[in-house]
Amino acid sequence: MTEVVAILAPLMADGRELAVADVEGILSPEIAWHDGLADHAGIAQWLAGYNGLMRVLGNPRQVGTEWLIGDDFAVGTWTLVGMHSGPFMLIPATNRPLEVPVISIWRVRAGRVWHLRTVTDATRTVARIAGGRLADRRDWRRGRLDGRLAADGATVAHKR
């Protein structure tokens, strides 16, 4: 696993778009990649999703990278720092600076990545792109007739 991370991580770190030749010896041809709501299968779809994100973020740089590596898996965390230079979730490019935190879980078989799950905070990303503010914890308190706790742990008083 260490060899796979040593090869693929630097390729991804500089924010450039990748080609099949860059990843064909590292990624399984049948790679499955899950990023949020999208599921991709195969190297061509992985490249389309990855390169699309690089275009949206104006070829971002990767900062604060940390890895936890096991025999058949690796978990990486980092932040992509770039500019919103392409459409994202139906929002046209704003050219605003953007930071996207990423958690990525890689599973390896026979020396190649065969499964990849990527998690980002799409809500925060959209809020930053749109220039709005995120709801703070007080906005999560919603009246509940059953008296359960709100998402932030506060007891909700329901007005009648």
# chains A, B, ... in the order shown; residues from 1 in each chain; ligands from 1
>>> residues_around(residues="region 104-106 of chain A", least_positions_apart="5", cutoff="12 Å", atoms="only C-alpha atoms", output="number ranges by chain")
A: 1-2, 4-5, 8-9, 12, 26-28, 31-36, 65-79, 111-120
>>> residues_around(residues="Gly15 (chain A)", least_positions_apart="4", cutoff="6 Å", atoms="only C-alpha atoms", output="list in words")
Asn59, Pro60 and Arg61 of chain A
>>> write_last_selection(atoms="N, CA and C atoms", output="compact mmCIF listing (two decimals), in the first residue's frame")
# COMPACT_ATOMS: atom_id res chain seq x y z
N ASN A 59 -7.36 24.09 -10.85
CA ASN A 59 -6.15 23.33 -10.60
C ASN A 59 -5.56 23.68 -9.23
N PRO A 60 -6.26 23.27 -8.16
CA PRO A 60 -5.89 23.65 -6.80
C PRO A 60 -4.63 22.96 -6.32
N ARG A 61 -4.06 23.51 -5.27
CA ARG A 61 -2.97 22.80 -4.61
C ARG A 61 -3.54 22.08 -3.40
>>> select_by_dssp(residues="chain A", states="strand (DSSP E)", output="number ranges by chain")
A: 27-35, 38-41, 61-69, 73-83, 97-109, 112-120
>>> closest_residue(among="A:Val108, A:Val63, A:Ala13, A:Val102", to="Glu30 (chain A)", atoms="only C-alpha atoms")
A:Val108
>>> atom_distance(atom1="CA of Ala110 (chain A)", atom2="CA of Asn51 (chain A)")
25.4 Å
>>> select_by_dssp(residues="chain A", states="alpha helix (DSSP H)", output="number ranges by chain")
A: 2-13, 20-23, 43-56, 122-130
>>> residues_around(residues="Phe88 (chain A)", least_positions_apart="3", cutoff="12 Å", atoms="only C-alpha atoms", output="PyMOL selection string")
chain A and resi 52-58+83-85+91-95+98+122-123+125-130
>>> write_last_selection(atoms="C-alpha atoms", output="PDB file, in the first residue's frame")
ATOM      1  CA  GLY A  52     -13.648  17.838 -13.537  1.00  0.00           C
ATOM      2  CA  LEU A  53     -13.002  18.766  -9.906  1.00  0.00           C
ATOM      3  CA  MET A  54      -9.548  20.079 -10.811  1.00  0.00           C
ATOM      4  CA  ARG A  55     -11.150  22.355 -13.449  1.00  0.00           C
ATOM      5  CA  VAL A  56     -13.858  23.569 -11.034  1.00  0.00           C
ATOM      6  CA  LEU A  57     -11.176  24.527  -8.502  1.00  0.00           C
ATOM      7  CA  GLY A  58      -8.779  26.053 -11.016  1.00  0.00           C
ATOM      8  CA  MET A  83     -10.400  29.337  -7.082  1.00  0.00           C
ATOM      9  CA  HIS A  84     -13.962  28.564  -8.102  1.00  0.00           C
ATOM     10  CA  SER A  85     -13.245  28.682 -11.825  1.00  0.00           C
ATOM     11  CA  ILE A  91     -23.433  27.508  -9.618  1.00  0.00           C
ATOM     12  CA  PRO A  92     -21.436  29.263 -12.368  1.00  0.00           C
ATOM     13  CA  ALA A  93     -17.796  30.190 -11.751  1.00  0.00           C
ATOM     14  CA  THR A  94     -17.385  33.049  -9.261  1.00  0.00           C
ATOM     15  CA  ASN A  95     -13.551  33.200  -9.235  1.00  0.00           C
ATOM     16  CA  LEU A  98     -12.102  28.257  -2.179  1.00  0.00           C
ATOM     17  CA  ALA A 122     -20.471  20.022  -0.236  1.00  0.00           C
ATOM     18  CA  THR A 123     -22.775  22.206   1.887  1.00  0.00           C
ATOM     19  CA  THR A 125     -18.380  24.460  -0.337  1.00  0.00           C
ATOM     20  CA  VAL A 126     -21.622  25.701  -1.905  1.00  0.00           C
ATOM     21  CA  ALA A 127     -22.054  28.286   0.865  1.00  0.00           C
ATOM     22  CA  ARG A 128     -18.530  29.585   0.284  1.00  0.00           C
ATOM     23  CA  ILE A 129     -19.006  29.703  -3.483  1.00  0.00           C
ATOM     24  CA  ALA A 130     -22.327  31.505  -3.148  1.00  0.00           C
TER      25      ALA A 130
END
>>> atom_distance(atom1="CA of Val81 (chain A)", atom2="CA of Gln62 (chain A)")
6.3 Å
>>> atom_distance(atom1="CA of Ile103 (chain A)", atom2="CA of Gly42 (chain A)")
20.5 Å
